[in-house]
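Asks: One structure, as structure tokens, below. Some questions next.
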Amino acid sequence: MFPYPSGNIHMGHVRNYVIGDICARYHKLKGDEVIHPMGWDAFGLPAENAAIQFKTHPQDWTYQNIQNMKEQLKKLDLDIDWNREIATCSKDYYVHQQELFIELYNAGLAYKKDALVNWDPVDQTVLANEQVIDGKGWRTGAEVEKKKLSQWFFKITNYAEELLNGLDDLDLWPEKVKTMQKNWIGKSIGAEIKFEICENGNFLNIYTTRPDTIYGATFIAVSINHKIVSDNLDKDVIEDIKRNFASVNEAKEKLGVKLDIHCKHPILDKKIPVYIANFVLDTYGEGAIFGCPAHDERDFEFANKYSLPIIKVIECDDDELPYTGEGKVINSPLLNGLDKKDAIERVIKHFKKEGIGDKKVNYKLRDWGVSRQRYWGCPIPVIYYEDGSHRVLDKEELPVLLPYDVNLEGKGNALLKKEDWRKIICPKTKKVAFRETDTLDTFVDSSWYYMRFLNNKLGKPFDARQINELLPVDKYIGGIEHAILHLLYSRFFMKALRDIYGFKIDEPFKQLFTQGMITHKTYRTSDNQWVMPSEVVSKDGTLISVKTKEKIEEGPCEKMSKSKKNVIEPDEILSSYGIDATRIFMISDSPPDRELEWTDEGIQSSKNLIHRLERYFLRKKNIVDNNVNKNVEKFVFNIEKNILSFSLNKCVADIYTLFNYLEKTKTYLHNSDLSKKILTCIFPILPKLALSINKSLFDSNEFKHWPNVNANLLLEDKITLPIQIHGKLITTIDTKKGYSEEEIMESICKLDRVKNKIIDKKITKVINVQDKIINIITN
RNA sequence: GCGCCAGUGGCGGAAUGGUAGACGCGCUGGUCUUAGGAACCAGUGGGCAACCGUGGGGGUUCGAGUCCCUCCUGGCGCACCA
């Protein structure tokens, strides 16, 4: 995943890109065609905020950061093809994105509608859901308001079913990510039922997954934002109710307001009251439910509070109420005696016959709101006429360039104030028109960048032939924090563009690897001020601050973060430990998908290993051990296996194992062919070290091919066979593969440890797993 | 509350149902020295031993860290989703 150019690379980037680099270098040695690109997710709020804070321009700030971070990345010896570099804020990128927007619009996948959005009253902008934390703006801390605004949406819901089903085929994705996406899409199967409103004969739609409990329905509850509310109550009254609801949001206490209307029960001849309830979501289903207090916890709580009847319709004890489990239906003439599944089927059939309901599949997933009231983003290619109508531009009218010269002072979107940019004469109608001032969510930028990498200089977004040939991305590496947003949006884009451009590709990323975070101990003073690790020293067993000599408390290991000051700067590490030690430490202590704890001992021992390897190859050639070929062969085999399975921590163990063996047996390979093999295998992990040794031993500047593994050499002839009695290990015996059971049992029975165990016992059974283990069973 | 993942030495972690603890860190003892952010050698799950040991309890199996059931603990995600 490409980085956001925030200023400096951090250790998380280092780990991410080192893991990817090892894979890329390995596959190149295997002769595979490898595209290993890098780019910048360069639009977004932080640039604008920084620009205001430091009195610079978002573009200047961003490009300066890109330049800086590119230099830092280059120090990591990454085998990146910089010719493919893209920055999403460059017009060479976002202009093509405007074309995609037009295509999506023409395909009916982009549309405009009024919607309730998160509005930050301080920053005067809409915030994405993920930028709202506990109901407050992430940057301002201000209470976020719900505001109705006209917004652009992408119709991701059209693909809900396919996005869900497609997960089953992503067998190289972590289960966790797939589960998260599944939950986010949130498919449920239920029924939609029309309730007739007694007072006016209109209908109210509700969605339920439990139509089998319909006989237990004693009230209807709707969301405060439901249309029926504004039809029946004055604005001020609604505002009052909203305020009242907001006051108990945290406590989740059930609140309701009774409306002056009733619904007819769809089967029974009775009227049931309609409430506005604070626990009914306007964003799920129809924003309206029927309440069945006997078999739903929320309805039960609500019914008790407002003294509504509770009618039991699923068999259970009274003290079990609300009972939400399975059981036989009771008190329901049409459904009595049926189990849940049959009752649901039966009642839906009835509703269908009566024309008041049907089976309904519902998704939690909502359409993707892509409008942002911000300057630093991709302009949406739309214009508005003075009569309020709008027109999406034609491709020929592109590009809509983001103006550089804007006034970022003050609040709100700078584009709104940029009158000479906003106001145009529409070339088609010759009428006065105004450009759309909202820009696209940055997640749009990152939804298709992997396609642009295939040819970043093309005069159109991408070449369909190339997409078909090269996508999906074979290995995609990044943090799990993108599990839903970026990875779901990208999957949607792949499918939508497939349908528009006729690609044969359904999924953008074949294998997803989510690397773990890097953690570090935290330090704080007695008055709870965070302290940088580099400012802490140990003196006489206690930690003190270098600067103030204050006593320092050591806290738990946590994700590196600037706020807790427990960060290690890659630049400092690279200059004191070097690139090779830094790279190998990134994969040493933990499997790459788990947390890695940064420790001084860890990085130091990585550095020691690098020195050890350097020293080893300087030694005079001395090949004495006749197992050396076999051990090198095993090494090649294991490294390859472990790179392919992302078990990179085991690659490090493989290196130690090999060199422990070589040094133990005093086998020095110097410039032998075996050295070349070994160096080729460590090259993907430690390119600088491998190249420098390669230069001095072989006067060569490259590694050409990954060594072929000679499977015959891997076969062990001699084995140490474990001997068990009743499944417990007793001893081992050295033998050769292919021993005969009869002969070996004879020797085994002579072994003291075995003899003592089976003395005055009879062997009733011998389980011989040939060449693996022998288990002796006695009476 | 729902879902997912994970519990193995002092620590990070290895183990296609077949010798638990590879490899590293740390620690102990020793060697060497142009005193280093070294290097080298030996040792390092517990127990004097028989033996005991992979969160607890059951089960399947000749054999379980691994499979099944159940409980406990921790982490992550979602969360009034009807």
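Residues are referred to by chain and number: the chain letter is A, B, ... according to the order shown in the structure tokens, the number counts from 1 in that chain, and ligands are numbered separately from 1 in the order shown.
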List every residue of chain B that has an atom at most 8 Å from any atom of chain A, giving for each one its closest atom pair and the distance in Å to one decimal, counting only C-alpha atoms (C1' of nucleotides), sorted by chain and then by ascending residue number, as CSV.
Replies:
```
residue,atom,partner,partner_atom,distance
B:G3,C1',A:Thr179,CA,8.0
B:C4,C1',A:Lys176,CA,6.0
B:C5,C1',A:Lys176,CA,7.6
B:G12,C1',A:Asp589,CA,5.5
B:G13,C1',A:Ser590,CA,6.6
B:G18,C1',A:Ile773,CA,6.0
B:U19,C1',A:Pro722,CA,5.5
B:A22,C1',A:Ala653,CA,7.9
B:C23,C1',A:Ala653,CA,4.3
B:G24,C1',A:Asp589,CA,7.0
B:C25,C1',A:Gly602,CA,6.9
B:G37,C1',A:Gln604,CA,6.8
B:C62,C1',A:Ile767,CA,6.4
B:G63,C1',A:Gly727,CA,4.8
B:G77,C1',A:Met180,CA,6.7
B:C78,C1',A:Asn183,CA,7.2
B:C80,C1',A:Phe279,CA,5.0
B:C81,C1',A:Tyr284,CA,6.3
B:A82,C1',A:Thr208,CA,5.6
```
Asks: Could you give me the residues within stretch 367-484 of chain A that DSSP places in alpha helix (DSSP H), as a ChimeraX atom specification?
Replies: /A:414-417,419-422,442-445,449-452,464-470
Asks: Residues within 9 Å of A:Phe493, please, as a list in words. Count only C-alpha atoms (C1' of nucleotides); anything in the same chain fewer than 3 positions from it doesn't count.
Replies: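 Once the nearby chain positions are removed, what remains is Ile156, Val444, Ser447, Trp448, Leu488, Tyr489, Ser490, Ala496, Leu497, Arg498 and Pro508 of chain A.
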Asks: Store the residues picked out above, limited to N, CA, C and O atoms, as a PDB file, in the first residue's frame.
Replies:
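Here's the written file selection_21.pdb:
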```
ATOM      1  N   ILE A 156     -22.085   1.666  -4.376  1.00  0.00           N
ATOM      2  CA  ILE A 156     -21.396   0.439  -3.982  1.00  0.00           C
ATOM      3  C   ILE A 156     -22.410  -0.644  -3.618  1.00  0.00           C
ATOM      4  O   ILE A 156     -22.140  -1.832  -3.736  1.00  0.00           O
ATOM      5  N   VAL A 444     -11.159   7.560  -2.936  1.00  0.00           N
ATOM      6  CA  VAL A 444     -11.364   7.349  -4.375  1.00  0.00           C
ATOM      7  C   VAL A 444      -9.997   7.263  -5.063  1.00  0.00           C
ATOM      8  O   VAL A 444      -9.764   6.386  -5.891  1.00  0.00           O
ATOM      9  N   SER A 447      -8.425   3.927  -4.745  1.00  0.00           N
ATOM     10  CA  SER A 447      -9.206   2.769  -5.172  1.00  0.00           C
ATOM     11  C   SER A 447      -8.755   2.205  -6.509  1.00  0.00           C
ATOM     12  O   SER A 447      -9.172   1.123  -6.893  1.00  0.00           O
ATOM     13  N   TRP A 448      -7.933   2.955  -7.226  1.00  0.00           N
ATOM     14  CA  TRP A 448      -7.532   2.450  -8.546  1.00  0.00           C
ATOM     15  C   TRP A 448      -6.060   2.711  -8.876  1.00  0.00           C
ATOM     16  O   TRP A 448      -5.611   2.456  -9.968  1.00  0.00           O
ATOM     17  N   LEU A 488     -12.254  -2.447   0.704  1.00  0.00           N
ATOM     18  CA  LEU A 488     -13.604  -2.661   0.177  1.00  0.00           C
ATOM     19  C   LEU A 488     -13.859  -1.735  -1.016  1.00  0.00           C
ATOM     20  O   LEU A 488     -14.396  -2.160  -2.042  1.00  0.00           O
ATOM     21  N   TYR A 489     -13.438  -0.488  -0.887  1.00  0.00           N
ATOM     22  CA  TYR A 489     -13.621   0.462  -1.984  1.00  0.00           C
ATOM     23  C   TYR A 489     -12.869  -0.001  -3.229  1.00  0.00           C
ATOM     24  O   TYR A 489     -13.375   0.110  -4.356  1.00  0.00           O
ATOM     25  N   SER A 490     -11.657  -0.515  -3.036  1.00  0.00           N
ATOM     26  CA  SER A 490     -10.877  -0.979  -4.184  1.00  0.00           C
ATOM     27  C   SER A 490     -11.546  -2.166  -4.860  1.00  0.00           C
ATOM     28  O   SER A 490     -11.546  -2.284  -6.083  1.00  0.00           O
ATOM     29  N   ALA A 496     -16.706  -2.420 -10.605  1.00  0.00           N
ATOM     30  CA  ALA A 496     -17.437  -1.407 -11.362  1.00  0.00           C
ATOM     31  C   ALA A 496     -16.719  -1.115 -12.680  1.00  0.00           C
ATOM     32  O   ALA A 496     -17.352  -1.054 -13.742  1.00  0.00           O
ATOM     33  N   LEU A 497     -15.406  -0.960 -12.615  1.00  0.00           N
ATOM     34  CA  LEU A 497     -14.653  -0.657 -13.832  1.00  0.00           C
ATOM     35  C   LEU A 497     -14.628  -1.868 -14.765  1.00  0.00           C
ATOM     36  O   LEU A 497     -14.600  -1.717 -15.984  1.00  0.00           O
ATOM     37  N   ARG A 498     -14.646  -3.057 -14.181  1.00  0.00           N
ATOM     38  CA  ARG A 498     -14.751  -4.271 -14.987  1.00  0.00           C
ATOM     39  C   ARG A 498     -16.006  -4.211 -15.850  1.00  0.00           C
ATOM     40  O   ARG A 498     -15.965  -4.469 -17.052  1.00  0.00           O
ATOM     41  N   PRO A 508      -9.120  -7.040  -7.150  1.00  0.00           N
ATOM     42  CA  PRO A 508      -7.858  -6.319  -7.363  1.00  0.00           C
ATOM     43  C   PRO A 508      -6.636  -6.977  -6.724  1.00  0.00           C
ATOM     44  O   PRO A 508      -5.536  -6.868  -7.247  1.00  0.00           O
TER      45      PRO A 508
END
```
Asks: Can you pull out every residue within 12 Å of B:A42, counting only C-alpha atoms (C1' of nucleotides), but drop anything in the same chain fewer than 6 positions away, and send it as a ChimeraX atom specification?
Replies: /B:28-31
Asks: When you look at A:Lys504 with a cut-off of 12 Å (counting only C-alpha atoms (C1' of nucleotides)), what residues show up, excluding the ones that are within fewer than 4 positions of it in the same chain? I need them as an MDAnalysis selection string.
Replies: chainID A and resid 464:472 494:500 508
Asks: Keeping only N, CA and C atoms, write those residues as a PDB file, in the first residue's frame.
Replies:
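Contents of selection11.pdb, as written:
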```
ATOM      1  N   ALA A 464      -6.807  -1.504 -21.046  1.00  0.00           N
ATOM      2  CA  ALA A 464      -7.575  -2.687 -20.639  1.00  0.00           C
ATOM      3  C   ALA A 464      -6.795  -3.983 -20.863  1.00  0.00           C
ATOM      4  N   ARG A 465      -6.036  -4.013 -21.953  1.00  0.00           N
ATOM      5  CA  ARG A 465      -5.285  -5.233 -22.258  1.00  0.00           C
ATOM      6  C   ARG A 465      -4.260  -5.517 -21.147  1.00  0.00           C
ATOM      7  N   GLN A 466      -3.601  -4.443 -20.730  1.00  0.00           N
ATOM      8  CA  GLN A 466      -2.596  -4.575 -19.664  1.00  0.00           C
ATOM      9  C   GLN A 466      -3.234  -5.016 -18.344  1.00  0.00           C
ATOM     10  N   ILE A 467      -4.389  -4.449 -18.066  1.00  0.00           N
ATOM     11  CA  ILE A 467      -5.098  -4.819 -16.834  1.00  0.00           C
ATOM     12  C   ILE A 467      -5.402  -6.305 -16.842  1.00  0.00           C
ATOM     13  N   ASN A 468      -5.913  -6.769 -17.957  1.00  0.00           N
ATOM     14  CA  ASN A 468      -6.260  -8.185 -18.056  1.00  0.00           C
ATOM     15  C   ASN A 468      -5.041  -9.086 -17.928  1.00  0.00           C
ATOM     16  N   GLU A 469      -3.920  -8.607 -18.466  1.00  0.00           N
ATOM     17  CA  GLU A 469      -2.712  -9.421 -18.434  1.00  0.00           C
ATOM     18  C   GLU A 469      -2.055  -9.438 -17.064  1.00  0.00           C
ATOM     19  N   LEU A 470      -2.037  -8.290 -16.402  1.00  0.00           N
ATOM     20  CA  LEU A 470      -1.177  -8.164 -15.217  1.00  0.00           C
ATOM     21  C   LEU A 470      -1.915  -8.191 -13.874  1.00  0.00           C
ATOM     22  N   LEU A 471      -3.126  -7.750 -13.845  1.00  0.00           N
ATOM     23  CA  LEU A 471      -3.858  -7.783 -12.576  1.00  0.00           C
ATOM     24  C   LEU A 471      -4.452  -9.172 -12.385  1.00  0.00           C
ATOM     25  N   PRO A 472      -4.833  -9.578 -11.205  1.00  0.00           N
ATOM     26  CA  PRO A 472      -4.767  -8.810  -9.965  1.00  0.00           C
ATOM     27  C   PRO A 472      -3.346  -8.697  -9.417  1.00  0.00           C
ATOM     28  N   MET A 494     -12.780  -2.180  -8.748  1.00  0.00           N
ATOM     29  CA  MET A 494     -12.371  -3.213  -9.704  1.00  0.00           C
ATOM     30  C   MET A 494     -13.592  -3.766 -10.426  1.00  0.00           C
ATOM     31  N   LYS A 495     -14.633  -4.039  -9.672  1.00  0.00           N
ATOM     32  CA  LYS A 495     -15.834  -4.644 -10.249  1.00  0.00           C
ATOM     33  C   LYS A 495     -16.605  -3.648 -11.109  1.00  0.00           C
ATOM     34  N   ALA A 496     -16.706  -2.420 -10.605  1.00  0.00           N
ATOM     35  CA  ALA A 496     -17.437  -1.407 -11.362  1.00  0.00           C
ATOM     36  C   ALA A 496     -16.719  -1.115 -12.680  1.00  0.00           C
ATOM     37  N   LEU A 497     -15.406  -0.960 -12.615  1.00  0.00           N
ATOM     38  CA  LEU A 497     -14.653  -0.657 -13.832  1.00  0.00           C
ATOM     39  C   LEU A 497     -14.628  -1.868 -14.765  1.00  0.00           C
ATOM     40  N   ARG A 498     -14.646  -3.057 -14.181  1.00  0.00           N
ATOM     41  CA  ARG A 498     -14.751  -4.271 -14.987  1.00  0.00           C
ATOM     42  C   ARG A 498     -16.006  -4.211 -15.850  1.00  0.00           C
ATOM     43  N   ASP A 499     -17.111  -3.809 -15.224  1.00  0.00           N
ATOM     44  CA  ASP A 499     -18.372  -3.780 -15.958  1.00  0.00           C
ATOM     45  C   ASP A 499     -18.408  -2.647 -16.983  1.00  0.00           C
ATOM     46  N   ILE A 500     -17.696  -1.571 -16.692  1.00  0.00           N
ATOM     47  CA  ILE A 500     -17.691  -0.443 -17.617  1.00  0.00           C
ATOM     48  C   ILE A 500     -16.739  -0.679 -18.781  1.00  0.00           C
ATOM     49  N   PRO A 508      -9.120  -7.040  -7.150  1.00  0.00           N
ATOM     50  CA  PRO A 508      -7.858  -6.319  -7.363  1.00  0.00           C
ATOM     51  C   PRO A 508      -6.636  -6.977  -6.724  1.00  0.00           C
TER      52      PRO A 508
END
```
Asks: What's around A:Glu436 at 9 Å? Count only C-alpha atoms (C1' of nucleotides), leave out sequence neighbours fewer than 4 positions away in its own chain, and write the answer as a PyMOL selection string.
Replies: chain A and resi 379-384+415-416+422
Asks: Mind dumping the selected residues with all heavy atoms as a CSV table (one decimal), in the first residue's frame?
Replies:
```csv
chain,number,residue,atom,x,y,z
A,379,PRO,N,-11.0,17.6,-8.0
A,379,PRO,CA,-12.3,18.3,-8.4
A,379,PRO,C,-13.2,17.3,-9.0
A,379,PRO,O,-12.8,16.5,-9.9
A,379,PRO,CB,-11.8,19.4,-9.3
A,379,PRO,CG,-10.4,19.6,-9.1
A,379,PRO,CD,-9.8,18.2,-8.7
A,380,ILE,N,-14.5,17.5,-8.7
A,380,ILE,CA,-15.5,16.6,-9.3
A,380,ILE,C,-16.0,17.3,-10.5
A,380,ILE,O,-16.4,18.5,-10.5
A,380,ILE,CB,-16.7,16.5,-8.3
A,380,ILE,CG1,-16.2,15.8,-7.0
A,380,ILE,CG2,-17.8,15.6,-8.9
A,380,ILE,CD1,-17.2,15.7,-5.9
A,381,PRO,N,-16.0,16.6,-11.7
A,381,PRO,CA,-16.2,17.3,-13.0
A,381,PRO,C,-17.7,17.5,-13.2
A,381,PRO,O,-18.3,16.9,-14.1
A,381,PRO,CB,-15.6,16.3,-14.0
A,381,PRO,CG,-15.7,15.0,-13.3
A,381,PRO,CD,-15.6,15.2,-11.8
A,382,VAL,N,-18.3,18.5,-12.5
A,382,VAL,CA,-19.7,18.8,-12.6
A,382,VAL,C,-19.9,20.3,-12.5
A,382,VAL,O,-19.1,21.0,-11.9
A,382,VAL,CB,-20.4,18.2,-11.4
A,382,VAL,CG1,-21.9,18.6,-11.3
A,382,VAL,CG2,-20.4,16.6,-11.4
A,383,ILE,N,-20.9,20.8,-13.3
A,383,ILE,CA,-21.2,22.2,-13.2
A,383,ILE,C,-22.7,22.4,-12.8
A,383,ILE,O,-23.5,21.5,-13.1
A,383,ILE,CB,-20.8,23.0,-14.5
A,383,ILE,CG1,-21.5,22.4,-15.7
A,383,ILE,CG2,-19.3,23.1,-14.7
A,383,ILE,CD1,-21.4,23.2,-16.9
A,384,TYR,N,-23.0,23.6,-12.2
A,384,TYR,CA,-24.3,23.9,-11.8
A,384,TYR,C,-24.8,25.1,-12.5
A,384,TYR,O,-24.0,26.1,-12.6
A,384,TYR,CB,-24.4,24.1,-10.3
A,384,TYR,CG,-24.0,22.9,-9.5
A,384,TYR,CD1,-22.7,22.5,-9.2
A,384,TYR,CD2,-25.0,22.0,-9.1
A,384,TYR,CE1,-22.4,21.4,-8.5
A,384,TYR,CE2,-24.7,20.8,-8.4
A,384,TYR,CZ,-23.4,20.5,-8.1
A,384,TYR,OH,-23.1,19.4,-7.5
A,415,LEU,N,-12.3,26.7,-2.4
A,415,LEU,CA,-12.8,26.7,-3.7
A,415,LEU,C,-14.0,27.6,-3.9
A,415,LEU,O,-14.3,28.2,-4.9
A,415,LEU,CB,-13.0,25.3,-4.3
A,415,LEU,CG,-11.8,24.4,-4.5
A,415,LEU,CD1,-12.2,23.0,-4.9
A,415,LEU,CD2,-10.9,25.1,-5.6
A,416,LEU,N,-14.8,27.6,-2.8
A,416,LEU,CA,-16.1,28.4,-2.8
A,416,LEU,C,-15.8,29.9,-2.9
A,416,LEU,O,-16.6,30.6,-3.5
A,416,LEU,CB,-16.8,28.2,-1.4
A,416,LEU,CG,-17.8,27.1,-1.4
A,416,LEU,CD1,-18.3,26.9,0.1
A,416,LEU,CD2,-19.0,27.4,-2.3
A,422,ARG,N,-14.7,29.3,-10.1
A,422,ARG,CA,-16.0,28.7,-10.0
A,422,ARG,C,-16.9,29.0,-11.1
A,422,ARG,O,-17.6,28.2,-11.7
A,422,ARG,CB,-16.7,29.2,-8.7
A,422,ARG,CG,-16.6,28.2,-7.6
A,422,ARG,CD,-17.5,28.9,-6.4
A,422,ARG,NE,-18.9,28.5,-6.6
A,422,ARG,CZ,-19.9,29.2,-6.0
A,422,ARG,NH1,-19.6,30.3,-5.4
A,422,ARG,NH2,-21.1,28.8,-6.2
```
